[in-house]
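Below is one structure, written out as structure tokens; the observations come after it.
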Amino acid sequence: IEPVNGSAINAAGGNPAGPVDGTPFWLDWLEKHGPVAALGSSDNHNGRQDTEAFGDIGLPTTVVYAQDLTQPAILAGIRAGRMFIDLGAGYGNLVDFCVKAATGEACMGGQLKLSAGSVRIETKLRLERGGELAVLDGAKILATRKIGVGEPPTVSLDGVVDPGRIARTSGQQPDTAQSPAFSIDLAPGRHILRLVISQEGRPVLLSNAVLVEVE
């Protein structure tokens with residue numbers, strides 16, 4: 001499901017909230033039908049458009065966790081919900097999280113069935129410019145945390161190295177100082193746990209969800 005459409009946001013004056021926000025439709029589907037991944041698209045119909053605005057190619061961007069850069073691996077990452085949406089936060093950001101309980105765990109895009117609702121949400125973030133983190137259950141905010149500006153990743157250059165591999169590997173590492181954990185008690189029922197990172201009051205990074213069923 002595409003809750004973020006760049007051309008629609010551009011037509012609405014650049015505001016991703018309001019009538020062009022497809023998040024309520026996505027959340028409603030998750031509640032009624034179960035897991036489905038969310039992605040963002042520029043919906044660009046003019047490849048030469050270069051206005052640095054929503055609707056340009058790459059605004060927004062869907063960032064996919066894939067085993068490699070082949071089409072099958074990228075599609076597998078999309079189907080598994082292993083991706084987040086960047087609404088203009090820029091390069092060098094990572095968004096991921098896992099939900100852990102005594103009887104199991106699931107990471108972004110996954111599902112978890114529990115007999116009791118005590119969980120620990122462990123975020124895995126790298127935020128180049130920091131921001132305001134919100135942990136949500138559907139549309140309800142469970143917790144917030146101010147995240148400071150991140151430190152650039154450092155890597156060792158000892159020995160023979162592949163610069164491309166170093167860049168990819170270092171860029172995939174979360175910043176532990178920017179990755180808080182939260183202990184949450186969930187009532188019986190279905191819960192749609194997700195992350196939103198905002199900067200200057202506007203959402204810029206959106207995670208996919210972990211669907212938790214508590215008996």
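In the structure tokens, chains take the letters A, B, ... in the order shown, each chain's residues start at 1, and ligands count up from 1 in the order shown.
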Name the residues in contact with region 123-125 of chain A at a cut-off of 8 Å, using only C-alpha atoms, excluding same-chain residues fewer than 3 positions from it; report them as JSON, numbers by chain.
{"A": [93, 94, 95, 96, 97, 98, 174, 175, 176, 178, 179, 180, 181]}
I'd like the contact shell of Arg145 (chain A) - 7 Å cut-off, only C-alpha atoms, skipping same-chain residues fewer than 2 positions apart - returned as a PyMOL selection string.
chain A and resi 132-134+143+147
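Nearest-residue note for Ile9 (chain A): choosing from A:Leu75, A:Leu87, A:Leu211, A:Ala37, the minimum distance belongs to A:Leu87, counting only C-alpha atoms.
In this model, the gap between CA of Ser41 (chain A) and CA of Leu27 (chain A) comes to 17.8 Å.
The residue that comes closest to Tyr65 (chain A), out of A:Trp29, A:Gly109, A:Arg194, A:Gly104 and on the basis of only C-alpha atoms, is A:Gly109.
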